[in-house]
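Novice: First, the structure itself, so that you have it in front of you.
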Amino acid sequence: MAEGSERSRTSKTARQTDRPSWDQYFLSIAAKVRERSTCLRRQVGAIIVKDKRILTTGYNGAPKGMKHCSEIGCLREKEEVPAGERHELCRGIHAEQNAIVQAAAFGVSIKDSTLYCTHFPCVLCTKMIINSGVRRLVVEEQYPDDLSASMLKEADVDVCLMDLRDFEGF
């Protein structure tokens with residue numbers, strides 16, 4: 001009996017050390033959310049979390065009820081618009097914007113929350129993140145927008161860059 005108890009404790013301890021951190025856990029969920037994206041150029045997923053609870057999710061694609069780029073093509077590709085420029089030339093809404101809009105639509109406060117996103121936000125999303133009261137941003141991939149980085153720093157939003165591939169099990 002004592003031998004079985006020891007094995008039980010060892011297995012439990014091993015399992016606990018294999019658990020992902022909260023940031024790894026939530027960022028991996030954002031990575032799963034991006035699978036719903038209909039963008040032809042870049043699939044992005046985002047979730048907003050407060051007190052270790054998921055409040056909303058979002059992925060990039062056309063506004064509800066409208067045809068997606070995966071159905072009718074990408075205007076930005078046709079016009080050869082470089083990444084990080086001319087955001088108005090896109091029929092899609094960004095993942096971060098969708099997550100923030102969902103909170104507003106359902107009356108959920110995201111003040112003092114953390115936004116987990118597969119990509120660093122563009123300047124348009126950054127402005128929404130700052131004004132919505134998000135205090136922390138955890139991202140997996142960079143994005144070519146220096147203005148976003150400086151605005152987040154000025155607004156004192158804590159930014160954490162994390163690569164899920166660095167963690168065993170992801």
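As shown in the structure tokens, the chain order sets the letters A, B, ...; within each chain, residues go from 1, and ligands are also counted from 1 in the order they appear.
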Using only C-alpha atoms, which residues sit within 12 Å of Arg53 of chain A once same-chain residues fewer than 3 positions away are excluded, as JSON, numbers by chain?
Specialist: {"A": [22, 25, 26, 47, 48, 49, 50, 56, 57, 110, 113, 114, 115]}
Novice: Can you spit out the residues from that selection as a compact mmCIF listing (two decimals), in the first residue's frame, using N, CA, C and O atoms?
Specialist:
# COMPACT_ATOMS: atom_id res chain seq x y z
N TRP A 22 -0.28 30.15 -16.73
CA TRP A 22 -1.53 30.77 -17.16
C TRP A 22 -1.34 31.46 -18.50
O TRP A 22 -2.19 31.38 -19.39
N TYR A 25 -1.20 28.87 -21.22
CA TYR A 25 -2.54 28.30 -21.37
C TYR A 25 -3.45 29.21 -22.20
O TYR A 25 -4.03 28.79 -23.20
N PHE A 26 -3.53 30.47 -21.79
CA PHE A 26 -4.43 31.40 -22.48
C PHE A 26 -3.94 31.75 -23.88
O PHE A 26 -4.74 31.88 -24.81
N ILE A 47 -8.07 36.53 -27.14
CA ILE A 47 -9.02 36.33 -26.04
C ILE A 47 -8.74 37.37 -24.98
O ILE A 47 -7.61 37.84 -24.83
N ILE A 48 -9.78 37.75 -24.27
CA ILE A 48 -9.65 38.70 -23.17
C ILE A 48 -9.96 37.96 -21.88
O ILE A 48 -10.99 37.28 -21.78
N VAL A 49 -9.06 38.10 -20.91
CA VAL A 49 -9.12 37.34 -19.67
C VAL A 49 -9.04 38.29 -18.48
O VAL A 49 -8.28 39.25 -18.50
N LYS A 50 -9.83 37.99 -17.47
CA LYS A 50 -9.76 38.74 -16.21
C LYS A 50 -9.93 37.75 -15.07
O LYS A 50 -10.83 36.89 -15.12
N THR A 56 -14.07 37.09 -23.40
CA THR A 56 -14.48 37.09 -24.82
C THR A 56 -13.36 36.53 -25.67
O THR A 56 -12.21 36.43 -25.26
N THR A 57 -13.74 36.18 -26.90
CA THR A 57 -12.78 35.73 -27.90
C THR A 57 -13.02 36.50 -29.19
O THR A 57 -14.10 37.07 -29.39
N ILE A 110 -14.10 45.00 -19.56
CA ILE A 110 -12.77 44.42 -19.73
C ILE A 110 -11.70 45.32 -19.11
O ILE A 110 -10.51 45.13 -19.35
N SER A 113 -8.12 44.08 -17.60
CA SER A 113 -8.00 42.70 -18.08
C SER A 113 -6.68 42.49 -18.81
O SER A 113 -5.88 43.41 -18.98
N THR A 114 -6.48 41.25 -19.27
CA THR A 114 -5.33 40.88 -20.10
C THR A 114 -5.86 40.41 -21.44
O THR A 114 -6.80 39.61 -21.49
N LEU A 115 -5.26 40.92 -22.50
CA LEU A 115 -5.61 40.48 -23.85
C LEU A 115 -4.48 39.58 -24.35
O LEU A 115 -3.32 39.98 -24.35
Novice: DSSP on the backbone, then: every residue of chain A marked strand (DSSP E), written as a PyMOL selection string.
Specialist: chain A and resi 45-50+53-59+114-119+136-141+158-161
Novice: Any chance you could export the current selection's N, CA, C and O atoms as a JSON list (two decimals), in the first residue's frame?
Specialist:
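The resulting file, selection_15.json, is reproduced below:
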[["chain", "number", "residue", "atom", "x", "y", "z"],
["A", 45, "GLY", "N", -5.89, 35.26, -33.68],
["A", 45, "GLY", "CA", -6.86, 34.96, -32.64],
["A", 45, "GLY", "C", -6.56, 35.77, -31.40],
["A", 45, "GLY", "O", -5.40, 36.08, -31.12],
["A", 46, "ALA", "N", -7.61, 36.12, -30.65],
["A", 46, "ALA", "CA", -7.45, 36.90, -29.43],
["A", 46, "ALA", "C", -8.47, 36.46, -28.40],
["A", 46, "ALA", "O", -9.58, 36.05, -28.75],
["A", 47, "ILE", "N", -8.07, 36.53, -27.14],
["A", 47, "ILE", "CA", -9.02, 36.33, -26.04],
["A", 47, "ILE", "C", -8.74, 37.37, -24.98],
["A", 47, "ILE", "O", -7.61, 37.84, -24.83],
["A", 48, "ILE", "N", -9.78, 37.75, -24.27],
["A", 48, "ILE", "CA", -9.65, 38.70, -23.17],
["A", 48, "ILE", "C", -9.96, 37.96, -21.88],
["A", 48, "ILE", "O", -10.99, 37.28, -21.78],
["A", 49, "VAL", "N", -9.06, 38.10, -20.91],
["A", 49, "VAL", "CA", -9.12, 37.34, -19.67],
["A", 49, "VAL", "C", -9.04, 38.29, -18.48],
["A", 49, "VAL", "O", -8.28, 39.25, -18.50],
["A", 50, "LYS", "N", -9.83, 37.99, -17.47],
["A", 50, "LYS", "CA", -9.76, 38.74, -16.21],
["A", 50, "LYS", "C", -9.93, 37.75, -15.07],
["A", 50, "LYS", "O", -10.83, 36.89, -15.12],
["A", 53, "ARG", "N", -10.26, 34.09, -15.96],
["A", 53, "ARG", "CA", -11.51, 33.67, -16.61],
["A", 53, "ARG", "C", -11.59, 34.32, -17.99],
["A", 53, "ARG", "O", -11.36, 35.53, -18.14],
["A", 54, "ILE", "N", -11.93, 33.54, -18.99],
["A", 54, "ILE", "CA", -12.07, 34.06, -20.35],
["A", 54, "ILE", "C", -13.37, 34.85, -20.44],
["A", 54, "ILE", "O", -14.44, 34.33, -20.14],
["A", 55, "LEU", "N", -13.25, 36.11, -20.85],
["A", 55, "LEU", "CA", -14.43, 36.97, -21.00],
["A", 55, "LEU", "C", -14.96, 36.95, -22.42],
["A", 55, "LEU", "O", -16.17, 36.87, -22.64],
["A", 56, "THR", "N", -14.07, 37.09, -23.40],
["A", 56, "THR", "CA", -14.48, 37.09, -24.82],
["A", 56, "THR", "C", -13.36, 36.53, -25.67],
["A", 56, "THR", "O", -12.21, 36.43, -25.26],
["A", 57, "THR", "N", -13.74, 36.18, -26.90],
["A", 57, "THR", "CA", -12.78, 35.73, -27.90],
["A", 57, "THR", "C", -13.02, 36.50, -29.19],
["A", 57, "THR", "O", -14.10, 37.07, -29.39],
["A", 58, "GLY", "N", -12.03, 36.50, -30.06],
["A", 58, "GLY", "CA", -12.20, 37.14, -31.36],
["A", 58, "GLY", "C", -11.18, 36.61, -32.36],
["A", 58, "GLY", "O", -10.09, 36.19, -31.97],
["A", 59, "TYR", "N", -11.56, 36.60, -33.61],
["A", 59, "TYR", "CA", -10.65, 36.25, -34.69],
["A", 59, "TYR", "C", -10.91, 37.21, -35.83],
["A", 59, "TYR", "O", -11.95, 37.88, -35.87],
["A", 114, "THR", "N", -6.48, 41.25, -19.27],
["A", 114, "THR", "CA", -5.33, 40.88, -20.10],
["A", 114, "THR", "C", -5.86, 40.41, -21.44],
["A", 114, "THR", "O", -6.80, 39.61, -21.49],
["A", 115, "LEU", "N", -5.26, 40.92, -22.50],
["A", 115, "LEU", "CA", -5.61, 40.48, -23.85],
["A", 115, "LEU", "C", -4.48, 39.58, -24.35],
["A", 115, "LEU", "O", -3.32, 39.98, -24.35],
["A", 116, "TYR", "N", -4.84, 38.35, -24.71],
["A", 116, "TYR", "CA", -3.89, 37.40, -25.30],
["A", 116, "TYR", "C", -4.15, 37.38, -26.79],
["A", 116, "TYR", "O", -5.31, 37.19, -27.21],
["A", 117, "CYS", "N", -3.11, 37.57, -27.58],
["A", 117, "CYS", "CA", -3.29, 37.63, -29.02],
["A", 117, "CYS", "C", -2.12, 36.94, -29.72],
["A", 117, "CYS", "O", -0.97, 37.05, -29.27],
["A", 118, "THR", "N", -2.42, 36.29, -30.81],
["A", 118, "THR", "CA", -1.38, 35.58, -31.54],
["A", 118, "THR", "C", -0.41, 36.53, -32.23],
["A", 118, "THR", "O", 0.70, 36.15, -32.55],
["A", 119, "HIS", "N", -0.82, 37.78, -32.46],
["A", 119, "HIS", "CA", 0.03, 38.77, -33.13],
["A", 119, "HIS", "C", 0.00, 40.10, -32.39],
["A", 119, "HIS", "O", -1.02, 40.46, -31.80],
["A", 136, "ARG", "N", -2.87, 44.64, -19.70],
["A", 136, "ARG", "CA", -1.76, 43.74, -20.03],
["A", 136, "ARG", "C", -2.03, 43.10, -21.38],
["A", 136, "ARG", "O", -3.17, 42.76, -21.69],
["A", 137, "LEU", "N", -0.97, 42.91, -22.14],
["A", 137, "LEU", "CA", -1.06, 42.32, -23.48],
["A", 137, "LEU", "C", 0.00, 41.23, -23.59],
["A", 137, "LEU", "O", 1.18, 41.48, -23.34],
["A", 138, "VAL", "N", -0.43, 40.01, -23.94],
["A", 138, "VAL", "CA", 0.50, 38.90, -24.15],
["A", 138, "VAL", "C", 0.35, 38.48, -25.60],
["A", 138, "VAL", "O", -0.76, 38.15, -26.04],
["A", 139, "VAL", "N", 1.45, 38.52, -26.34],
["A", 139, "VAL", "CA", 1.42, 38.21, -27.77],
["A", 139, "VAL", "C", 2.47, 37.19, -28.13],
["A", 139, "VAL", "O", 3.50, 37.07, -27.46],
["A", 140, "GLU", "N", 2.22, 36.47, -29.22],
["A", 140, "GLU", "CA", 3.17, 35.46, -29.67],
["A", 140, "GLU", "C", 4.05, 35.96, -30.81],
["A", 140, "GLU", "O", 5.23, 35.68, -30.84],
["A", 141, "GLU", "N", 3.49, 36.70, -31.75],
["A", 141, "GLU", "CA", 4.27, 37.13, -32.92],
["A", 141, "GLU", "C", 4.29, 38.65, -33.04],
["A", 141, "GLU", "O", 3.30, 39.32, -32.77],
["A", 158, "ASP", "N", 1.27, 46.81, -19.96],
["A", 158, "ASP", "CA", 2.34, 45.82, -19.83],
["A", 158, "ASP", "C", 2.27, 44.87, -21.03],
["A", 158, "ASP", "O", 1.23, 44.27, -21.28],
["A", 159, "VAL", "N", 3.37, 44.76, -21.78],
["A", 159, "VAL", "CA", 3.41, 43.91, -22.98],
["A", 159, "VAL", "C", 4.40, 42.78, -22.75],
["A", 159, "VAL", "O", 5.54, 43.01, -22.36],
["A", 160, "CYS", "N", 3.95, 41.57, -23.00],
["A", 160, "CYS", "CA", 4.79, 40.38, -22.85],
["A", 160, "CYS", "C", 4.80, 39.63, -24.17],
["A", 160, "CYS", "O", 3.74, 39.24, -24.68],
["A", 161, "LEU", "N", 5.99, 39.43, -24.75],
["A", 161, "LEU", "CA", 6.14, 38.65, -25.98],
["A", 161, "LEU", "C", 6.53, 37.24, -25.59],
["A", 161, "LEU", "O", 7.47, 37.04, -24.81]]
Novice: Tell me, which residues of chain A carry DSSP alpha helix (DSSP H), written as a VMD selection string?
Specialist: chain A and resid 2 to 18 22 to 33 69 to 72 75 to 78 95 to 105 123 to 132 146 to 154
Novice: Calculated over only C-alpha atoms, which of the candidates A:Ile130, A:Cys125, A:Cys39, A:Leu27 has the smallest distance to Cys90 of chain A?
Specialist: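 Ranking A:Ile130, A:Cys125, A:Cys39, A:Leu27 by distance to Cys90 of chain A, first place goes to A:Cys39.
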Novice: Compile the contact shell of Leu40 of chain A as a PDB file with N, CA, C and O atoms, in the first residue's frame: residues with an atom at most 12 Å away, counting only C-alpha atoms, same-chain residues fewer than 2 positions apart removed.
Specialist:
ATOM      1  N   GLU A  35      -8.020  29.659 -35.606  1.00  0.00           N
ATOM      2  CA  GLU A  35      -8.417  28.681 -36.625  1.00  0.00           C
ATOM      3  C   GLU A  35      -9.744  29.040 -37.289  1.00  0.00           C
ATOM      4  O   GLU A  35     -10.053  28.547 -38.361  1.00  0.00           O
ATOM      5  N   ARG A  36     -10.535  29.914 -36.657  1.00  0.00           N
ATOM      6  CA  ARG A  36     -11.810  30.360 -37.237  1.00  0.00           C
ATOM      7  C   ARG A  36     -11.629  31.517 -38.219  1.00  0.00           C
ATOM      8  O   ARG A  36     -12.554  31.890 -38.925  1.00  0.00           O
ATOM      9  N   SER A  37     -10.439  32.078 -38.281  1.00  0.00           N
ATOM     10  CA  SER A  37     -10.164  33.234 -39.139  1.00  0.00           C
ATOM     11  C   SER A  37     -10.440  32.912 -40.605  1.00  0.00           C
ATOM     12  O   SER A  37     -10.169  31.810 -41.071  1.00  0.00           O
ATOM     13  N   THR A  38     -10.956  33.905 -41.306  1.00  0.00           N
ATOM     14  CA  THR A  38     -11.197  33.755 -42.745  1.00  0.00           C
ATOM     15  C   THR A  38     -10.300  34.680 -43.564  1.00  0.00           C
ATOM     16  O   THR A  38     -10.489  34.814 -44.767  1.00  0.00           O
ATOM     17  N   ARG A  42      -3.326  36.669 -43.021  1.00  0.00           N
ATOM     18  CA  ARG A  42      -2.806  36.424 -41.672  1.00  0.00           C
ATOM     19  C   ARG A  42      -3.964  36.013 -40.773  1.00  0.00           C
ATOM     20  O   ARG A  42      -4.923  36.750 -40.613  1.00  0.00           O
ATOM     21  N   GLN A  43      -3.865  34.847 -40.174  1.00  0.00           N
ATOM     22  CA  GLN A  43      -4.897  34.374 -39.258  1.00  0.00           C
ATOM     23  C   GLN A  43      -4.491  34.778 -37.842  1.00  0.00           C
ATOM     24  O   GLN A  43      -3.386  34.467 -37.389  1.00  0.00           O
ATOM     25  N   VAL A  44      -5.404  35.485 -37.169  1.00  0.00           N
ATOM     26  CA  VAL A  44      -5.125  36.016 -35.835  1.00  0.00           C
ATOM     27  C   VAL A  44      -6.258  35.625 -34.894  1.00  0.00           C
ATOM     28  O   VAL A  44      -7.432  35.666 -35.268  1.00  0.00           O
ATOM     29  N   ASN A  60      -9.971  37.302 -36.764  1.00  0.00           N
ATOM     30  CA  ASN A  60     -10.148  38.267 -37.839  1.00  0.00           C
ATOM     31  C   ASN A  60     -10.953  37.673 -38.994  1.00  0.00           C
ATOM     32  O   ASN A  60     -10.782  36.519 -39.368  1.00  0.00           O
ATOM     33  N   GLY A  61     -11.852  38.510 -39.509  1.00  0.00           N
ATOM     34  CA  GLY A  61     -12.729  38.132 -40.612  1.00  0.00           C
ATOM     35  C   GLY A  61     -13.732  39.240 -40.855  1.00  0.00           C
ATOM     36  O   GLY A  61     -13.746  40.247 -40.157  1.00  0.00           O
ATOM     37  N   ALA A  62     -14.558  39.055 -41.848  1.00  0.00           N
ATOM     38  CA  ALA A  62     -15.554  40.068 -42.215  1.00  0.00           C
ATOM     39  C   ALA A  62     -16.584  40.255 -41.091  1.00  0.00           C
ATOM     40  O   ALA A  62     -16.824  39.341 -40.309  1.00  0.00           O
ATOM     41  N   HIS A  68     -16.917  36.693 -46.518  1.00  0.00           N
ATOM     42  CA  HIS A  68     -15.529  36.699 -46.066  1.00  0.00           C
ATOM     43  C   HIS A  68     -14.573  36.739 -47.251  1.00  0.00           C
ATOM     44  O   HIS A  68     -14.913  36.336 -48.360  1.00  0.00           O
ATOM     45  N   CYS A  69     -13.365  37.200 -46.975  1.00  0.00           N
ATOM     46  CA  CYS A  69     -12.328  37.251 -48.009  1.00  0.00           C
ATOM     47  C   CYS A  69     -12.051  35.861 -48.573  1.00  0.00           C
ATOM     48  O   CYS A  69     -11.709  35.722 -49.744  1.00  0.00           O
ATOM     49  N   SER A  70     -12.197  34.843 -47.735  1.00  0.00           N
ATOM     50  CA  SER A  70     -11.990  33.474 -48.202  1.00  0.00           C
ATOM     51  C   SER A  70     -13.021  33.104 -49.276  1.00  0.00           C
ATOM     52  O   SER A  70     -12.806  32.185 -50.052  1.00  0.00           O
ATOM     53  N   GLU A  71     -14.116  33.846 -49.339  1.00  0.00           N
ATOM     54  CA  GLU A  71     -15.154  33.605 -50.350  1.00  0.00           C
ATOM     55  C   GLU A  71     -14.996  34.496 -51.576  1.00  0.00           C
ATOM     56  O   GLU A  71     -15.283  34.071 -52.692  1.00  0.00           O
ATOM     57  N   ILE A  72     -14.578  35.758 -51.367  1.00  0.00           N
ATOM     58  CA  ILE A  72     -14.565  36.709 -52.488  1.00  0.00           C
ATOM     59  C   ILE A  72     -13.193  37.285 -52.826  1.00  0.00           C
ATOM     60  O   ILE A  72     -13.066  38.087 -53.735  1.00  0.00           O
ATOM     61  N   GLY A  73     -12.173  36.874 -52.084  1.00  0.00           N
ATOM     62  CA  GLY A  73     -10.827  37.371 -52.366  1.00  0.00           C
ATOM     63  C   GLY A  73     -10.430  38.513 -51.445  1.00  0.00           C
ATOM     64  O   GLY A  73     -11.252  39.095 -50.751  1.00  0.00           O
ATOM     65  N   CYS A  74      -9.146  38.824 -51.484  1.00  0.00           N
ATOM     66  CA  CYS A  74      -8.561  39.822 -50.595  1.00  0.00           C
ATOM     67  C   CYS A  74      -8.239  41.097 -51.360  1.00  0.00           C
ATOM     68  O   CYS A  74      -7.416  41.085 -52.283  1.00  0.00           O
ATOM     69  N   LEU A  75      -8.851  42.178 -50.965  1.00  0.00           N
ATOM     70  CA  LEU A  75      -8.614  43.486 -51.580  1.00  0.00           C
ATOM     71  C   LEU A  75      -7.167  43.924 -51.373  1.00  0.00           C
ATOM     72  O   LEU A  75      -6.531  44.465 -52.275  1.00  0.00           O
ATOM     73  N   ARG A  76      -6.629  43.670 -50.196  1.00  0.00           N
ATOM     74  CA  ARG A  76      -5.250  44.071 -49.899  1.00  0.00           C
ATOM     75  C   ARG A  76      -4.249  43.326 -50.787  1.00  0.00           C
ATOM     76  O   ARG A  76      -3.262  43.904 -51.230  1.00  0.00           O
ATOM     77  N   GLU A  77      -4.520  42.069 -51.065  1.00  0.00           N
ATOM     78  CA  GLU A  77      -3.652  41.304 -51.967  1.00  0.00           C
ATOM     79  C   GLU A  77      -3.748  41.860 -53.388  1.00  0.00           C
ATOM     80  O   GLU A  77      -2.735  42.041 -54.056  1.00  0.00           O
ATOM     81  N   LYS A  78      -4.979  42.129 -53.830  1.00  0.00           N
ATOM     82  CA  LYS A  78      -5.186  42.658 -55.181  1.00  0.00           C
ATOM     83  C   LYS A  78      -4.473  43.994 -55.374  1.00  0.00           C
ATOM     84  O   LYS A  78      -3.910  44.272 -56.426  1.00  0.00           O
ATOM     85  N   CYS A  90      -9.491  46.984 -46.182  1.00  0.00           N
ATOM     86  CA  CYS A  90      -9.730  45.600 -45.779  1.00  0.00           C
ATOM     87  C   CYS A  90     -11.174  45.487 -45.315  1.00  0.00           C
ATOM     88  O   CYS A  90     -11.645  46.336 -44.555  1.00  0.00           O
ATOM     89  N   ARG A  91     -11.857  44.458 -45.728  1.00  0.00           N
ATOM     90  CA  ARG A  91     -13.241  44.274 -45.290  1.00  0.00           C
ATOM     91  C   ARG A  91     -13.311  43.561 -43.944  1.00  0.00           C
ATOM     92  O   ARG A  91     -14.360  43.470 -43.326  1.00  0.00           O
ATOM     93  N   GLY A  92     -12.178  43.055 -43.474  1.00  0.00           N
ATOM     94  CA  GLY A  92     -12.149  42.308 -42.217  1.00  0.00           C
ATOM     95  C   GLY A  92     -12.023  43.199 -40.995  1.00  0.00           C
ATOM     96  O   GLY A  92     -11.561  44.329 -41.062  1.00  0.00           O
TER      97      GLY A  92
END
Novice: Between atom CA of Glu85 of chain A and atom CA of Val134 of chain A, what is the distance in Å, rounded to a tenth?
Specialist: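 Computing it gives 24.2 Å between the two atoms.
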Novice: Can you tell me, as a ChimeraX atom specification, what residues are no more than 10 Å from Ala83 of chain A when counting only C-alpha atoms, ignoring any on the same chain fewer than 6 positions away?
Specialist: /A:41-42,76,122,143-145
Novice: Could you save those same residues with C-alpha atoms as an mmCIF file, in the first residue's frame?
Specialist:
data_model
loop_
_atom_site.group_PDB
_atom_site.id
_atom_site.type_symbol
_atom_site.label_atom_id
_atom_site.label_comp_id
_atom_site.auth_asym_id
_atom_site.auth_seq_id
_atom_site.Cartn_x
_atom_site.Cartn_y
_atom_site.Cartn_z
ATOM 1 C CA ARG A 41 -3.108 36.935 -45.402
ATOM 2 C CA ARG A 42 -2.806 36.424 -41.672
ATOM 3 C CA ARG A 76 -5.250 44.071 -49.899
ATOM 4 C CA CYS A 122 -1.723 47.295 -35.232
ATOM 5 C CA TYR A 143 3.904 42.925 -36.241
ATOM 6 C CA PRO A 144 5.570 45.810 -38.123
ATOM 7 C CA ASP A 145 4.003 48.751 -36.271
#
Novice: Figure out the distance between atom CA of Ser150 of chain A and atom CA of Ala99 of chain A, please, to one decimal in Å.
Specialist: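 Straight-line distance from atom CA of Ala99 of chain A to atom CA of Ser150 of chain A works out to 22.3 Å.
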Novice: What does the distance between atom CA of Ile129 of chain A and atom CA of Lys67 of chain A come to in Å, to one decimal place?
Specialist: 26.3 Å
Novice: Closest to Gln97 of chain A among A:Ser21, A:Thr126, A:Ser148, A:Ser28, using only C-alpha atoms?
Specialist: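 Going through A:Ser21, A:Thr126, A:Ser148, A:Ser28 one by one, the smallest distance to Gln97 of chain A is for A:Thr126.
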